[in-house]
file protein.pdb (PDB, C-alpha atoms and all ligand atoms)
ATOM      1  CA  MET V 605      88.663 103.895 137.623  1.00  0.00           C
ATOM      2  CA  SER V 606      86.838 104.394 140.891  1.00  0.00           C
ATOM      3  CA  TRP V 607      88.223 105.787 144.146  1.00  0.00           C
ATOM      4  CA  ARG V 608      90.476 103.204 145.711  1.00  0.00           C
ATOM      5  CA  ALA V 609      91.356 102.548 149.357  1.00  0.00           C
ATOM      6  CA  SER V 610      94.345 100.312 150.056  1.00  0.00           C
ATOM      7  CA  VAL V 611      94.581  99.441 153.737  1.00  0.00           C
ATOM      8  CA  LEU V 612      97.727  97.881 155.175  1.00  0.00           C
ATOM      9  CA  THR V 613      96.891  96.053 158.368  1.00  0.00           C
ATOM     10  CA  LEU V 614      97.719  93.030 160.498  1.00  0.00           C
ATOM     11  CA  PHE V 615      93.964  92.396 160.718  1.00  0.00           C
ATOM     12  CA  PRO V 616      92.550  92.425 157.173  1.00  0.00           C
ATOM     13  CA  ALA V 617      89.381  90.727 158.474  1.00  0.00           C
ATOM     14  CA  MET V 618      88.440  94.057 160.086  1.00  0.00           C
ATOM     15  CA  PHE V 619      87.660  95.354 156.555  1.00  0.00           C
ATOM     16  CA  PRO V 620      85.229  96.292 155.135  1.00  0.00           C
ATOM     17  CA  GLY V 621      83.571  95.667 158.532  1.00  0.00           C
ATOM     18  CA  PRO V 622      80.868  98.315 159.025  1.00  0.00           C
ATOM     19  CA  LEU V 623      81.716  99.780 155.609  1.00  0.00           C
ATOM     20  CA  GLY V 624      80.194  96.669 154.003  1.00  0.00           C
ATOM     21  CA  LEU V 625      76.776  97.869 155.194  1.00  0.00           C
ATOM     22  CA  SER V 626      74.472 100.809 154.506  1.00  0.00           C
ATOM     23  CA  LEU V 627      75.565 103.654 152.227  1.00  0.00           C
ATOM     24  CA  ALA V 628      79.253 102.712 151.944  1.00  0.00           C
ATOM     25  CA  GLY V 629      78.458  99.013 151.491  1.00  0.00           C
ATOM     26  CA  ARG V 630      76.032  99.659 148.662  1.00  0.00           C
ATOM     27  CA  ALA V 631      78.529 101.991 147.005  1.00  0.00           C
ATOM     28  CA  LEU V 632      81.233  99.316 147.347  1.00  0.00           C
ATOM     29  CA  ARG V 633      79.000  96.704 145.716  1.00  0.00           C
ATOM     30  CA  ASP V 634      78.083  99.211 142.987  1.00  0.00           C
ATOM     31  CA  GLY V 635      81.781  99.810 142.238  1.00  0.00           C
ATOM     32  CA  LEU V 636      81.720 103.486 143.270  1.00  0.00           C
ATOM     33  CA  TRP V 637      84.810 102.768 145.357  1.00  0.00           C
ATOM     34  CA  GLN V 638      87.209  99.862 145.789  1.00  0.00           C
ATOM     35  CA  LEU V 639      88.856  98.426 148.866  1.00  0.00           C
ATOM     36  CA  ASP V 640      92.002  96.304 149.208  1.00  0.00           C
ATOM     37  CA  ALA V 641      92.766  95.086 152.710  1.00  0.00           C
ATOM     38  CA  ILE V 642      96.394  93.986 152.541  1.00  0.00           C
ATOM     39  CA  ASP V 643      97.979  91.801 155.218  1.00  0.00           C
ATOM     40  CA  ILE V 644     101.264  93.365 156.329  1.00  0.00           C
ATOM     41  CA  ARG V 645     102.444  89.950 157.519  1.00  0.00           C
ATOM     42  CA  GLY V 646     102.572  88.836 153.890  1.00  0.00           C
ATOM     43  CA  PHE V 647     105.646  91.077 153.466  1.00  0.00           C
ATOM     44  CA  ALA V 648     107.665  89.585 156.321  1.00  0.00           C
ATOM     45  CA  THR V 649     110.708  87.718 155.094  1.00  0.00           C
ATOM     46  CA  ASP V 650     111.567  85.328 157.906  1.00  0.00           C
ATOM     47  CA  ARG V 651     110.181  81.932 158.790  1.00  0.00           C
ATOM     48  CA  HIS V 652     108.132  83.320 161.677  1.00  0.00           C
ATOM     49  CA  ARG V 653     106.692  86.141 159.567  1.00  0.00           C
ATOM     50  CA  THR V 654     107.982  88.730 162.032  1.00  0.00           C
ATOM     51  CA  VAL V 655     106.681  92.281 161.570  1.00  0.00           C
ATOM     52  CA  ASP V 656     107.919  93.936 164.781  1.00  0.00           C
ATOM     53  CA  ASP V 657     110.883  94.155 167.136  1.00  0.00           C
ATOM     54  CA  THR V 658     111.868  95.737 170.449  1.00  0.00           C
ATOM     55  CA  PRO V 659     112.389  99.528 170.524  1.00  0.00           C
ATOM     56  CA  PHE V 660     115.933 100.894 170.382  1.00  0.00           C
ATOM     57  CA  GLY V 661     116.523 102.783 173.618  1.00  0.00           C
ATOM     58  CA  GLY V 662     114.392 100.339 175.568  1.00  0.00           C
ATOM     59  CA  GLY V 663     110.845 100.599 176.803  1.00  0.00           C
ATOM     60  CA  ALA V 664     107.660  98.588 176.739  1.00  0.00           C
ATOM     61  CA  GLY V 665     106.009  97.106 173.669  1.00  0.00           C
ATOM     62  CA  MET V 666     107.138  96.405 170.150  1.00  0.00           C
ATOM     63  CA  VAL V 667     107.768  98.603 167.120  1.00  0.00           C
ATOM     64  CA  MET V 668     106.768  97.713 163.561  1.00  0.00           C
ATOM     65  CA  ARG V 669     109.831  97.164 161.354  1.00  0.00           C
ATOM     66  CA  PRO V 670     110.630  99.655 158.559  1.00  0.00           C
ATOM     67  CA  ASP V 671     111.797  97.053 156.023  1.00  0.00           C
ATOM     68  CA  VAL V 672     108.589  95.013 156.206  1.00  0.00           C
ATOM     69  CA  LEU V 673     106.382  98.111 156.132  1.00  0.00           C
ATOM     70  CA  ASP V 674     108.307  99.632 153.226  1.00  0.00           C
ATOM     71  CA  ALA V 675     107.740  96.529 151.117  1.00  0.00           C
ATOM     72  CA  ALA V 676     104.033  96.547 152.042  1.00  0.00           C
ATOM     73  CA  VAL V 677     103.602 100.261 151.282  1.00  0.00           C
ATOM     74  CA  GLY V 678     105.487  99.856 148.005  1.00  0.00           C
ATOM     75  CA  ALA V 679     103.151  97.111 146.842  1.00  0.00           C
ATOM     76  CA  ALA V 680     100.053  99.054 147.908  1.00  0.00           C
ATOM     77  CA  ALA V 681     101.252 102.242 146.200  1.00  0.00           C
ATOM     78  CA  GLU V 682     101.904 100.351 142.971  1.00  0.00           C
ATOM     79  CA  GLY V 683      98.309  99.155 142.956  1.00  0.00           C
ATOM     80  CA  ASN V 684      96.962 102.604 143.825  1.00  0.00           C
ATOM     81  CA  PRO V 685      98.990 105.086 141.738  1.00  0.00           C
ATOM     82  CA  GLY V 686      98.845 108.738 142.741  1.00  0.00           C
ATOM     83  CA  ALA V 687      97.132 108.048 146.081  1.00  0.00           C
ATOM     84  CA  PRO V 688      98.625 109.751 149.144  1.00  0.00           C
ATOM     85  CA  VAL V 689     100.018 107.449 151.831  1.00  0.00           C
ATOM     86  CA  ILE V 690      98.538 108.028 155.272  1.00  0.00           C
ATOM     87  CA  CYS V 691      99.761 106.544 158.510  1.00  0.00           C
ATOM     88  CA  LEU V 692      97.114 106.329 161.233  1.00  0.00           C
ATOM     89  CA  THR V 693      98.686 107.235 164.550  1.00  0.00           C
ATOM     90  CA  PRO V 694      97.753 109.188 167.686  1.00  0.00           C
ATOM     91  CA  ARG V 695     100.862 111.305 166.922  1.00  0.00           C
ATOM     92  CA  GLY V 696      99.364 112.616 163.677  1.00  0.00           C
ATOM     93  CA  ARG V 697      97.557 115.803 162.752  1.00  0.00           C
ATOM     94  CA  LEU V 698      93.886 115.665 163.669  1.00  0.00           C
ATOM     95  CA  LEU V 699      91.538 114.385 160.995  1.00  0.00           C
ATOM     96  CA  ASP V 700      89.064 117.035 159.911  1.00  0.00           C
ATOM     97  CA  GLN V 701      86.495 117.585 157.187  1.00  0.00           C
ATOM     98  CA  ALA V 702      88.902 119.683 155.096  1.00  0.00           C
ATOM     99  CA  LEU V 703      91.290 116.730 154.809  1.00  0.00           C
ATOM    100  CA  VAL V 704      88.368 114.384 154.119  1.00  0.00           C
ATOM    101  CA  ARG V 705      87.188 116.656 151.288  1.00  0.00           C
ATOM    102  CA  ASP V 706      90.707 116.762 149.800  1.00  0.00           C
ATOM    103  CA  LEU V 707      91.131 112.991 149.983  1.00  0.00           C
ATOM    104  CA  SER V 708      87.733 112.191 148.526  1.00  0.00           C
ATOM    105  CA  ALA V 709      88.454 114.520 145.586  1.00  0.00           C
ATOM    106  CA  GLY V 710      91.640 112.575 144.744  1.00  0.00           C
ATOM    107  CA  PRO V 711      92.255 109.102 143.276  1.00  0.00           C
ATOM    108  CA  GLY V 712      92.045 107.320 146.643  1.00  0.00           C
ATOM    109  CA  VAL V 713      94.238 106.628 149.621  1.00  0.00           C
ATOM    110  CA  VAL V 714      96.840 104.164 150.896  1.00  0.00           C
ATOM    111  CA  MET V 715      96.530 103.725 154.666  1.00  0.00           C
ATOM    112  CA  LEU V 716      98.963 102.132 157.062  1.00  0.00           C
ATOM    113  CA  CYS V 717      97.394 100.971 160.330  1.00  0.00           C
ATOM    114  CA  GLY V 718      99.855 100.813 163.211  1.00  0.00           C
ATOM    115  CA  ARG V 719      99.667  98.326 166.057  1.00  0.00           C
ATOM    116  CA  TYR V 720     101.896  97.711 169.077  1.00  0.00           C
ATOM    117  CA  GLU V 721     103.821 100.702 170.428  1.00  0.00           C
ATOM    118  CA  GLY V 722     104.299 102.296 167.046  1.00  0.00           C
ATOM    119  CA  ILE V 723     105.955 102.363 163.658  1.00  0.00           C
ATOM    120  CA  ASP V 724     109.659 102.931 162.957  1.00  0.00           C
ATOM    121  CA  GLN V 725     109.804 106.658 162.109  1.00  0.00           C
ATOM    122  CA  ARG V 726     112.236 106.137 159.216  1.00  0.00           C
ATOM    123  CA  VAL V 727     109.697 104.424 156.962  1.00  0.00           C
ATOM    124  CA  ILE V 728     107.155 107.173 157.686  1.00  0.00           C
ATOM    125  CA  GLU V 729     109.703 109.752 156.524  1.00  0.00           C
ATOM    126  CA  ALA V 730     111.117 107.722 153.624  1.00  0.00           C
ATOM    127  CA  ARG V 731     107.643 107.181 152.156  1.00  0.00           C
ATOM    128  CA  GLY V 732     106.527 110.786 152.807  1.00  0.00           C
ATOM    129  CA  MET V 733     103.507 109.590 154.771  1.00  0.00           C
ATOM    130  CA  LEU V 734     100.991 112.008 156.222  1.00  0.00           C
ATOM    131  CA  GLU V 735     100.478 111.060 159.869  1.00  0.00           C
ATOM    132  CA  VAL V 736      96.806 111.381 160.830  1.00  0.00           C
ATOM    133  CA  SER V 737      95.036 110.922 164.154  1.00  0.00           C
ATOM    134  CA  ALA V 738      91.324 110.215 164.532  1.00  0.00           C
ATOM    135  CA  GLY V 739      91.179 112.255 167.744  1.00  0.00           C
ATOM    136  CA  ASP V 740      92.891 112.860 171.052  1.00  0.00           C
ATOM    137  CA  VAL V 741      92.251 109.302 172.188  1.00  0.00           C
ATOM    138  CA  VAL V 742      94.406 106.192 172.097  1.00  0.00           C
ATOM    139  CA  LEU V 743      92.937 103.274 170.155  1.00  0.00           C
ATOM    140  CA  SER V 744      94.265  99.735 170.180  1.00  0.00           C
ATOM    141  CA  GLY V 745      95.401 100.243 166.598  1.00  0.00           C
ATOM    142  CA  GLY V 746      94.939 102.343 163.491  1.00  0.00           C
ATOM    143  CA  GLU V 747      92.162 100.171 162.016  1.00  0.00           C
ATOM    144  CA  PRO V 748      89.158 101.890 163.659  1.00  0.00           C
ATOM    145  CA  ALA V 749      90.686 105.230 162.632  1.00  0.00           C
ATOM    146  CA  ALA V 750      91.054 103.992 159.034  1.00  0.00           C
ATOM    147  CA  LEU V 751      87.391 102.898 159.015  1.00  0.00           C
ATOM    148  CA  LEU V 752      86.378 106.310 160.313  1.00  0.00           C
ATOM    149  CA  LEU V 753      88.418 108.132 157.671  1.00  0.00           C
ATOM    150  CA  LEU V 754      87.088 105.888 154.909  1.00  0.00           C
ATOM    151  CA  ASP V 755      83.476 106.321 155.965  1.00  0.00           C
ATOM    152  CA  ALA V 756      83.871 110.109 155.877  1.00  0.00           C
ATOM    153  CA  CYS V 757      85.526 110.040 152.428  1.00  0.00           C
ATOM    154  CA  VAL V 758      83.245 107.502 150.770  1.00  0.00           C
ATOM    155  CA  ARG V 759      80.016 109.358 151.582  1.00  0.00           C
ATOM    156  CA  LEU V 760      81.386 112.367 149.643  1.00  0.00           C
ATOM    157  CA  LEU V 761      82.155 110.404 146.469  1.00  0.00           C
ATOM    158  CA  PRO V 762      79.975 111.218 143.469  1.00  0.00           C
ATOM    159  CA  GLY V 763      76.829 109.082 143.424  1.00  0.00           C
ATOM    160  CA  VAL V 764      77.184 107.707 146.969  1.00  0.00           C
ATOM    161  CA  MET V 765      74.708 109.945 148.743  1.00  0.00           C
ATOM    162  CA  GLY V 766      71.216 109.855 147.304  1.00  0.00           C
ATOM    163  CA  ALA V 767      69.774 112.862 145.532  1.00  0.00           C
ATOM    164  CA  GLY V 768      67.807 113.718 148.682  1.00  0.00           C
ATOM    165  CA  ALA V 769      70.821 113.761 150.957  1.00  0.00           C
ATOM    166  CA  SER V 770      73.177 116.676 151.027  1.00  0.00           C
ATOM    167  CA  ALA V 771      76.688 117.303 152.250  1.00  0.00           C
ATOM    168  CA  VAL V 772      76.243 121.047 151.841  1.00  0.00           C
ATOM    169  CA  GLU V 773      74.395 121.896 155.063  1.00  0.00           C
ATOM    170  CA  GLU V 774      76.019 119.816 157.756  1.00  0.00           C
ATOM    171  CA  SER V 775      78.428 120.189 160.626  1.00  0.00           C
ATOM    172  CA  HIS V 776      82.011 121.031 159.673  1.00  0.00           C
ATOM    173  CA  GLY V 777      80.918 122.339 156.279  1.00  0.00           C
ATOM    174  CA  PRO V 778      82.801 125.139 154.526  1.00  0.00           C
ATOM    175  CA  ASP V 779      81.449 127.855 156.858  1.00  0.00           C
ATOM    176  CA  GLY V 780      82.959 126.002 159.829  1.00  0.00           C
ATOM    177  CA  LEU V 781      79.744 125.866 161.886  1.00  0.00           C
ATOM    178  CA  LEU V 782      78.097 122.932 163.636  1.00  0.00           C
ATOM    179  CA  GLU V 783      74.723 121.978 162.222  1.00  0.00           C
ATOM    180  CA  TYR V 784      71.452 123.411 163.597  1.00  0.00           C
ATOM    181  CA  PRO V 785      69.198 121.011 165.593  1.00  0.00           C
ATOM    182  CA  GLN V 786      66.667 118.878 163.705  1.00  0.00           C
ATOM    183  CA  TYR V 787      63.086 117.830 164.564  1.00  0.00           C
ATOM    184  CA  THR V 788      60.487 115.531 162.998  1.00  0.00           C
ATOM    185  CA  ARG V 789      57.002 114.182 163.811  1.00  0.00           C
ATOM    186  CA  PRO V 790      55.255 114.030 166.201  1.00  0.00           C
ATOM    187  CA  ALA V 791      55.080 117.814 166.640  1.00  0.00           C
ATOM    188  CA  GLU V 792      54.554 117.226 170.360  1.00  0.00           C
ATOM    189  CA  TRP V 793      56.323 114.389 172.186  1.00  0.00           C
ATOM    190  CA  GLN V 794      56.382 113.829 175.955  1.00  0.00           C
ATOM    191  CA  GLY V 795      55.158 117.397 176.393  1.00  0.00           C
ATOM    192  CA  ARG V 796      58.019 118.770 174.299  1.00  0.00           C
ATOM    193  CA  THR V 797      57.108 120.868 171.299  1.00  0.00           C
ATOM    194  CA  VAL V 798      58.981 121.748 168.125  1.00  0.00           C
ATOM    195  CA  PRO V 799      60.197 125.344 167.611  1.00  0.00           C
ATOM    196  CA  GLU V 800      57.200 127.258 166.191  1.00  0.00           C
ATOM    197  CA  VAL V 801      59.125 128.745 163.266  1.00  0.00           C
ATOM    198  CA  LEU V 802      59.758 125.284 161.774  1.00  0.00           C
ATOM    199  CA  LEU V 803      55.998 124.756 161.436  1.00  0.00           C
ATOM    200  CA  SER V 804      55.422 128.193 159.880  1.00  0.00           C
ATOM    201  CA  GLY V 805      56.304 127.355 156.271  1.00  0.00           C
ATOM    202  CA  HIS V 806      58.222 130.635 156.194  1.00  0.00           C
ATOM    203  CA  HIS V 807      61.399 129.658 154.366  1.00  0.00           C
ATOM    204  CA  ALA V 808      63.380 132.832 155.048  1.00  0.00           C
ATOM    205  CA  GLU V 809      62.468 132.718 158.750  1.00  0.00           C
ATOM    206  CA  VAL V 810      63.400 129.030 158.942  1.00  0.00           C
ATOM    207  CA  ALA V 811      66.762 129.752 157.292  1.00  0.00           C
ATOM    208  CA  ARG V 812      67.437 132.611 159.724  1.00  0.00           C
ATOM    209  CA  TRP V 813      66.476 130.485 162.751  1.00  0.00           C
ATOM    210  CA  ARG V 814      68.704 127.656 161.585  1.00  0.00           C
ATOM    211  CA  ARG V 815      71.630 129.984 161.003  1.00  0.00           C
ATOM    212  CA  GLU V 816      71.222 131.439 164.506  1.00  0.00           C
ATOM    213  CA  ARG V 817      71.022 127.992 166.137  1.00  0.00           C
ATOM    214  CA  ALA V 818      74.084 126.826 164.169  1.00  0.00           C
ATOM    215  CA  GLU V 819      76.022 129.855 165.411  1.00  0.00           C
ATOM    216  CA  GLU V 820      74.815 129.393 168.981  1.00  0.00           C
ATOM    217  CA  ALA V 821      75.740 125.690 169.009  1.00  0.00           C
ATOM    218  CA  THR V 822      79.200 126.407 167.624  1.00  0.00           C
ATOM    219  CA  ARG V 823      79.838 129.284 170.057  1.00  0.00           C
ATOM    220  CA  THR V 824      78.784 127.343 173.157  1.00  0.00           C
ATOM    221  CA  ARG V 825      79.984 123.824 172.270  1.00  0.00           C
ATOM    222  CA  ARG V 826      83.094 124.466 170.232  1.00  0.00           C
ATOM    223  CA  PRO V 827      84.782 127.778 171.077  1.00  0.00           C
ATOM    224  CA  ASP V 828      87.749 126.651 168.949  1.00  0.00           C
ATOM    225  CA  LEU V 829      85.613 126.380 165.810  1.00  0.00           C
ATOM    226  CA  TRP V 830      83.766 129.588 166.683  1.00  0.00           C
ATOM    227  CA  SER V 831      87.031 131.593 166.868  1.00  0.00           C
ATOM    228  CA  ARG V 832      88.064 130.269 163.454  1.00  0.00           C
ATOM    229  CA  HIS V 833      84.643 131.048 162.035  1.00  0.00           C
ATOM    230  CA  LEU V 834      84.825 134.641 163.307  1.00  0.00           C
ATOM    231  CA  ALA V 835      88.335 135.063 161.925  1.00  0.00           C
ATOM    232  CA  ARG V 836      87.146 133.855 158.522  1.00  0.00           C
ATOM    233  CA  ARG V 837      84.054 136.023 158.611  1.00  0.00           C
ATOM    234  CA  SER V 838      86.251 139.079 159.016  1.00  0.00           C
ATOM    235  CA  GLN V 839      88.082 138.128 155.789  1.00  0.00           C
ATOM    236  CA  PRO V 840      85.207 137.737 153.319  1.00  0.00           C
ATOM    237  CA  ASN V 841      87.498 137.609 150.295  1.00  0.00           C
ATOM    238  CA  ASP V 842      89.313 134.510 151.469  1.00  0.00           C
ATOM    239  CA  ALA V 843      89.282 131.838 148.735  1.00  0.00           C
ATOM    240  CA  ALA V 844      86.723 129.084 149.349  1.00  0.00           C
ATOM    241  CA  GLY V 845      89.328 126.337 149.084  1.00  0.00           C
ATOM    242  CA  ARG V 846      91.316 127.840 151.914  1.00  0.00           C
ATOM    243  CA  LEU V 847      88.417 128.079 154.357  1.00  0.00           C
ATOM    244  CA  ASP V 848      89.703 125.396 156.653  1.00  0.00           C
ATOM    245  CA  GLY V 849      93.298 126.547 156.586  1.00  0.00           C
ATOM    246  CA  PRO V 850      96.391 124.471 156.013  1.00  0.00           C
ATOM    247  CA  PRO V 851      96.759 121.038 157.601  1.00  0.00           C
ATOM    248  CA  ALA V 852      98.393 121.192 161.013  1.00  0.00           C
ATOM    249  CA  ALA V 853     101.463 119.215 159.985  1.00  0.00           C
ATOM    250  CA  ALA V 854     101.390 118.581 156.242  1.00  0.00           C
TER
HETATM  251  N1  LIG N 901      96.079 104.419 166.684  1.00  0.00           N
HETATM  252  C1  LIG N 901      95.916 104.478 168.023  1.00  0.00           C
HETATM  253  N2  LIG N 901      95.246 105.581 168.364  1.00  0.00           N
HETATM  254  C2  LIG N 901      94.968 106.270 167.214  1.00  0.00           C
HETATM  255  C3  LIG N 901      94.311 107.465 166.925  1.00  0.00           C
HETATM  256  N3  LIG N 901      93.793 108.245 167.872  1.00  0.00           N
HETATM  257  N4  LIG N 901      94.231 107.846 165.632  1.00  0.00           N
HETATM  258  C4  LIG N 901      94.775 107.095 164.662  1.00  0.00           C
HETATM  259  N5  LIG N 901      95.399 105.942 164.888  1.00  0.00           N
HETATM  260  C5  LIG N 901      95.505 105.514 166.156  1.00  0.00           C
END

call {"tool": "encode", "arguments": {"input": "protein.pdb", "output": "structure tokens"}}
result
Amino acid sequence: MSWRASVLTLFPAMFPGPLGLSLAGRALRDGLWQLDAIDIRGFATDRHRTVDDTPFGGGAGMVMRPDVLDAAVGAAAEGNPGAPVICLTPRGRLLDQALVRDLSAGPGVVMLCGRYEGIDQRVIEARGMLEVSAGDVVLSGGEPAALLLLDACVRLLPGVMGAGASAVEESHGPDGLLEYPQYTRPAEWQGRTVPEVLLSGHHAEVARWRRERAEEATRTRRPDLWSRHLARRSQPNDAAGRLDGPPAAA
């Protein structure tokens, strides 16, 4: 059985969307992963197929109903046994590569995409959902966040990346550094040259240069990641699986 993504959404036509193309699209056609886009509205019970209602306590917007969502999540979970249930919301813990690695190593994922003002908190708690945010931005719904999460997971599945590609040396890898800068031909372009060492054929020197540039980029661009990297570096016996620390709100 291949890795399975079950997406609960009011807009199933948004899937696979960009994931039907390129690497993820080929992998989907090859059966390396499976995708079910499930219409939440199909679980509404009234004549108007209502999925939302006004918020208790007042305020703008509508809230997605717990009874409808519970039925939808129940059906998705039945078709995707053992998969964690994730709710995409700007209130969630930030998505990071450690969570992506964990998810891609499992059987798959059930994802609930919120719309409107939000989701009734009781169904999130009752179903033990992990609330995940794609970043400190507010999207019009969880769907683009679900696509982002899926793209990151699918590329890590066995057989998805070609033999030439590698997930080992890239930003947000286990050492917590951003990637070093890359260059290709022409060696001179608009008067700009390529760092000499990369043309030297000196593998050890190239590796050292890349390491230094990765550290410099992380230190200057992402002081938050750099502090974590330094903390880890001072504990060399830390288990590899714990490199990225516990999820913020698991
Ligand atoms: N829905 C709206 N904004 C979101 C975000 N930043 N992450 C996940 N889901 C969202």

call {"tool": "residues_near_point", "arguments": {"input": "protein.pdb", "point": "(68.3, 124.4, 164.1)", "cutoff": "12 Å", "atoms": "all atoms listed in the file", "output": "MDAnalysis selection string"}}
result
chainID V and resid 773:775 781:788 798:802 809:822

call {"tool": "resolve_selection", "arguments": {"input": "protein.pdb", "expression": "the PyMOL selection byres (((chain V and resi 648) around 12) and not hetatm)", "output": "list in words"}}
result
Leu614, Asp643, Ile644, Arg645, Gly646, Phe647, Thr649, Asp650, Arg651, His652, Arg653, Thr654, Val655, Asp656, Met668, Arg669, Pro670, Asp671, Val672, Leu673, Asp674, Ala675 and Ala676 of chain V

call {"tool": "resolve_selection", "arguments": {"input": "protein.pdb", "expression": "the PyMOL selection byres (((chain V and resi 677) around 12) and not hetatm)", "output": "PyMOL selection string"}}
result
chain V and resi 610-613+642-644+646-647+670-676+678-685+687-691+713-717+727-728+730-733

call {"tool": "write_last_selection", "arguments": {"input": "protein.pdb", "atoms": "C-alpha atoms", "output": "PDB file, keeping the file's coordinate frame"}}
result
ATOM      1  CA  SER V 610      94.345 100.312 150.056  1.00  0.00           C
ATOM      2  CA  VAL V 611      94.581  99.441 153.737  1.00  0.00           C
ATOM      3  CA  LEU V 612      97.727  97.881 155.175  1.00  0.00           C
ATOM      4  CA  THR V 613      96.891  96.053 158.368  1.00  0.00           C
ATOM      5  CA  ILE V 642      96.394  93.986 152.541  1.00  0.00           C
ATOM      6  CA  ASP V 643      97.979  91.801 155.218  1.00  0.00           C
ATOM      7  CA  ILE V 644     101.264  93.365 156.329  1.00  0.00           C
ATOM      8  CA  GLY V 646     102.572  88.836 153.890  1.00  0.00           C
ATOM      9  CA  PHE V 647     105.646  91.077 153.466  1.00  0.00           C
ATOM     10  CA  PRO V 670     110.630  99.655 158.559  1.00  0.00           C
ATOM     11  CA  ASP V 671     111.797  97.053 156.023  1.00  0.00           C
ATOM     12  CA  VAL V 672     108.589  95.013 156.206  1.00  0.00           C
ATOM     13  CA  LEU V 673     106.382  98.111 156.132  1.00  0.00           C
ATOM     14  CA  ASP V 674     108.307  99.632 153.226  1.00  0.00           C
ATOM     15  CA  ALA V 675     107.740  96.529 151.117  1.00  0.00           C
ATOM     16  CA  ALA V 676     104.033  96.547 152.042  1.00  0.00           C
ATOM     17  CA  GLY V 678     105.487  99.856 148.005  1.00  0.00           C
ATOM     18  CA  ALA V 679     103.151  97.111 146.842  1.00  0.00           C
ATOM     19  CA  ALA V 680     100.053  99.054 147.908  1.00  0.00           C
ATOM     20  CA  ALA V 681     101.252 102.242 146.200  1.00  0.00           C
ATOM     21  CA  GLU V 682     101.904 100.351 142.971  1.00  0.00           C
ATOM     22  CA  GLY V 683      98.309  99.155 142.956  1.00  0.00           C
ATOM     23  CA  ASN V 684      96.962 102.604 143.825  1.00  0.00           C
ATOM     24  CA  PRO V 685      98.990 105.086 141.738  1.00  0.00           C
ATOM     25  CA  ALA V 687      97.132 108.048 146.081  1.00  0.00           C
ATOM     26  CA  PRO V 688      98.625 109.751 149.144  1.00  0.00           C
ATOM     27  CA  VAL V 689     100.018 107.449 151.831  1.00  0.00           C
ATOM     28  CA  ILE V 690      98.538 108.028 155.272  1.00  0.00           C
ATOM     29  CA  CYS V 691      99.761 106.544 158.510  1.00  0.00           C
ATOM     30  CA  VAL V 713      94.238 106.628 149.621  1.00  0.00           C
ATOM     31  CA  VAL V 714      96.840 104.164 150.896  1.00  0.00           C
ATOM     32  CA  MET V 715      96.530 103.725 154.666  1.00  0.00           C
ATOM     33  CA  LEU V 716      98.963 102.132 157.062  1.00  0.00           C
ATOM     34  CA  CYS V 717      97.394 100.971 160.330  1.00  0.00           C
ATOM     35  CA  VAL V 727     109.697 104.424 156.962  1.00  0.00           C
ATOM     36  CA  ILE V 728     107.155 107.173 157.686  1.00  0.00           C
ATOM     37  CA  ALA V 730     111.117 107.722 153.624  1.00  0.00           C
ATOM     38  CA  ARG V 731     107.643 107.181 152.156  1.00  0.00           C
ATOM     39  CA  GLY V 732     106.527 110.786 152.807  1.00  0.00           C
ATOM     40  CA  MET V 733     103.507 109.590 154.771  1.00  0.00           C
TER      41      MET V 733
END

call {"tool": "axis_aligned_box", "arguments": {"input": "protein.pdb", "around": "ligand LIG 901 (chain N)", "padding_each_side": "5 Å", "output": "AutoDock Vina command-line options"}}
result
--center_x 94.9 --center_y 106.3 --center_z 166.5 --size_x 12.3 --size_y 13.8 --size_z 13.7

call {"tool": "atom_distance", "arguments": {"input": "protein.pdb", "atom1": "atom CA of Ser838 of chain V", "atom2": "atom CA of Thr824 of chain V"}}
result
19.8 Å

call {"tool": "atom_distance", "arguments": {"input": "protein.pdb", "atom1": "atom CA of Leu692 of chain V", "atom2": "atom CA of Leu754 of chain V"}}
result
11.9 Å

call {"tool": "residues_near_ligand", "arguments": {"input": "protein.pdb", "ligand": "ligand LIG 901 (chain N)", "cutoff": "6 Å", "atoms": "all atoms listed in the file", "output": "PyMOL selection string"}}
result
chain V and resi 692-694+737-746+749
